[in-house]
Amino acid sequence: NGGFPQYYPDNSGYRHAITYNDNAMIQALEILREMAEQKGNFSIMNSSLIPAAKQAVARGIDCILRTQYVQNGTLTAWCAQHDEKTLL
């Protein structure tokens with residue numbers, strides 16, 4: 001679904017949830033974007049991985065947009081964690 005947990009594969013507590021606090025989600029997307037653009041140390045990465053990295057970034061951005069909280073019809077904020085299945 002494009003969401004990244006705080007820890008993987010640790011399913012204890014909320015560690016399996018899509019995590020915005022602690023920058024877990026954003027840092028995962030930043031690394032994937034660097035991979036997709038072959039920046040820095042990723043310049044020597046196997047180019048066959050680029051399409052998957054690009055797709056992961058696109059799905060991550062979509063997940064961010066789908067998890068934004070709507071209050072009275074207005075997009076407002078995000079929770080610290082969201083369920084990885086329901087996005088609630």
# chains A, B, ... in the order shown; residues from 1 in each chain; ligands from 1
call {"tool": "select_by_dssp", "arguments": {"residues": "chain A", "states": "alpha helix (DSSP H)", "output": "ChimeraX atom specification"}}
result
/A:24-36,50-66
call {"tool": "residues_around", "arguments": {"residues": "Gln6 (chain A)", "least_positions_apart": "3", "cutoff": "6 Å", "atoms": "only C-alpha atoms", "output": "VMD selection string"}}
result
chain A and resid 15 19 24
call {"tool": "write_last_selection", "arguments": {"atoms": "N, CA, C and O atoms", "output": "PDB file, in the first residue's frame"}}
result
ATOM      1  N   ARG A  15       4.848  -1.188  16.179  1.00  0.00           N
ATOM      2  CA  ARG A  15       6.014  -1.147  15.293  1.00  0.00           C
ATOM      3  C   ARG A  15       5.700  -1.541  13.854  1.00  0.00           C
ATOM      4  O   ARG A  15       6.428  -1.198  12.950  1.00  0.00           O
ATOM      5  N   THR A  19       4.328   4.548   9.931  1.00  0.00           N
ATOM      6  CA  THR A  19       4.786   5.477  10.969  1.00  0.00           C
ATOM      7  C   THR A  19       5.285   6.789  10.370  1.00  0.00           C
ATOM      8  O   THR A  19       6.234   6.815   9.597  1.00  0.00           O
ATOM      9  N   ALA A  24      10.072   7.863  10.083  1.00  0.00           N
ATOM     10  CA  ALA A  24      10.285   6.532   9.503  1.00  0.00           C
ATOM     11  C   ALA A  24       9.819   6.480   8.051  1.00  0.00           C
ATOM     12  O   ALA A  24      10.540   6.001   7.168  1.00  0.00           O
TER      13      ALA A  24
END
call {"tool": "select_by_dssp", "arguments": {"residues": "chain A", "states": "strand (DSSP E or B)", "output": "JSON, numbers by chain"}}
result
{"A": [5, 18, 19, 70, 71, 74, 75, 81, 82]}
call {"tool": "write_last_selection", "arguments": {"atoms": "N, CA and C atoms", "output": "mmCIF file, in the first residue's frame"}}
result
data_model
loop_
_atom_site.group_PDB
_atom_site.id
_atom_site.type_symbol
_atom_site.label_atom_id
_atom_site.label_comp_id
_atom_site.auth_asym_id
_atom_site.auth_seq_id
_atom_site.Cartn_x
_atom_site.Cartn_y
_atom_site.Cartn_z
ATOM 1 N N PRO A 5 6.648 0.745 7.898
ATOM 2 C CA PRO A 5 6.552 0.668 9.355
ATOM 3 C C PRO A 5 7.769 1.279 10.041
ATOM 4 N N ILE A 18 2.162 1.914 9.780
ATOM 5 C CA ILE A 18 2.750 2.976 8.959
ATOM 6 C C ILE A 18 3.083 4.103 9.928
ATOM 7 N N THR A 19 4.328 4.548 9.931
ATOM 8 C CA THR A 19 4.786 5.477 10.969
ATOM 9 C C THR A 19 5.285 6.789 10.370
ATOM 10 N N VAL A 70 -9.216 13.899 7.524
ATOM 11 C CA VAL A 70 -10.207 14.874 7.067
ATOM 12 C C VAL A 70 -11.139 15.185 8.237
ATOM 13 N N GLN A 71 -11.232 16.460 8.572
ATOM 14 C CA GLN A 71 -12.121 16.893 9.647
ATOM 15 C C GLN A 71 -13.101 17.904 9.073
ATOM 16 N N THR A 74 -12.380 18.992 5.600
ATOM 17 C CA THR A 74 -11.126 19.705 5.346
ATOM 18 C C THR A 74 -9.940 18.800 5.654
ATOM 19 N N LEU A 75 -9.009 18.705 4.708
ATOM 20 C CA LEU A 75 -7.768 17.965 4.963
ATOM 21 C C LEU A 75 -7.001 18.680 6.063
ATOM 22 N N GLN A 81 0.816 7.143 13.724
ATOM 23 C CA GLN A 81 0.836 5.831 13.079
ATOM 24 C C GLN A 81 -0.520 5.581 12.424
ATOM 25 N N HIS A 82 -0.489 4.797 11.362
ATOM 26 C CA HIS A 82 -1.716 4.375 10.677
ATOM 27 C C HIS A 82 -1.656 2.867 10.497
#
call {"tool": "atom_distance", "arguments": {"atom1": "CA of Arg59 (chain A)", "atom2": "CA of Thr76 (chain A)"}}
result
20.7 Å
call {"tool": "residues_around", "arguments": {"residues": "Leu65 (chain A)", "least_positions_apart": "4", "cutoff": "12 Å", "atoms": "only C-alpha atoms", "output": "ChimeraX atom specification"}}
result
/A:1-3,58-61,69-70,75-78,87
call {"tool": "closest_residue", "arguments": {"among": "A:Ala80, A:Ala17, A:Ala56, A:Ile50", "to": "Met35 (chain A)", "atoms": "only C-alpha atoms"}}
result
A:Ile50
call {"tool": "atom_distance", "arguments": {"atom1": "CA of Asp83 (chain A)", "atom2": "CA of Thr67 (chain A)"}}
result
9.6 Å
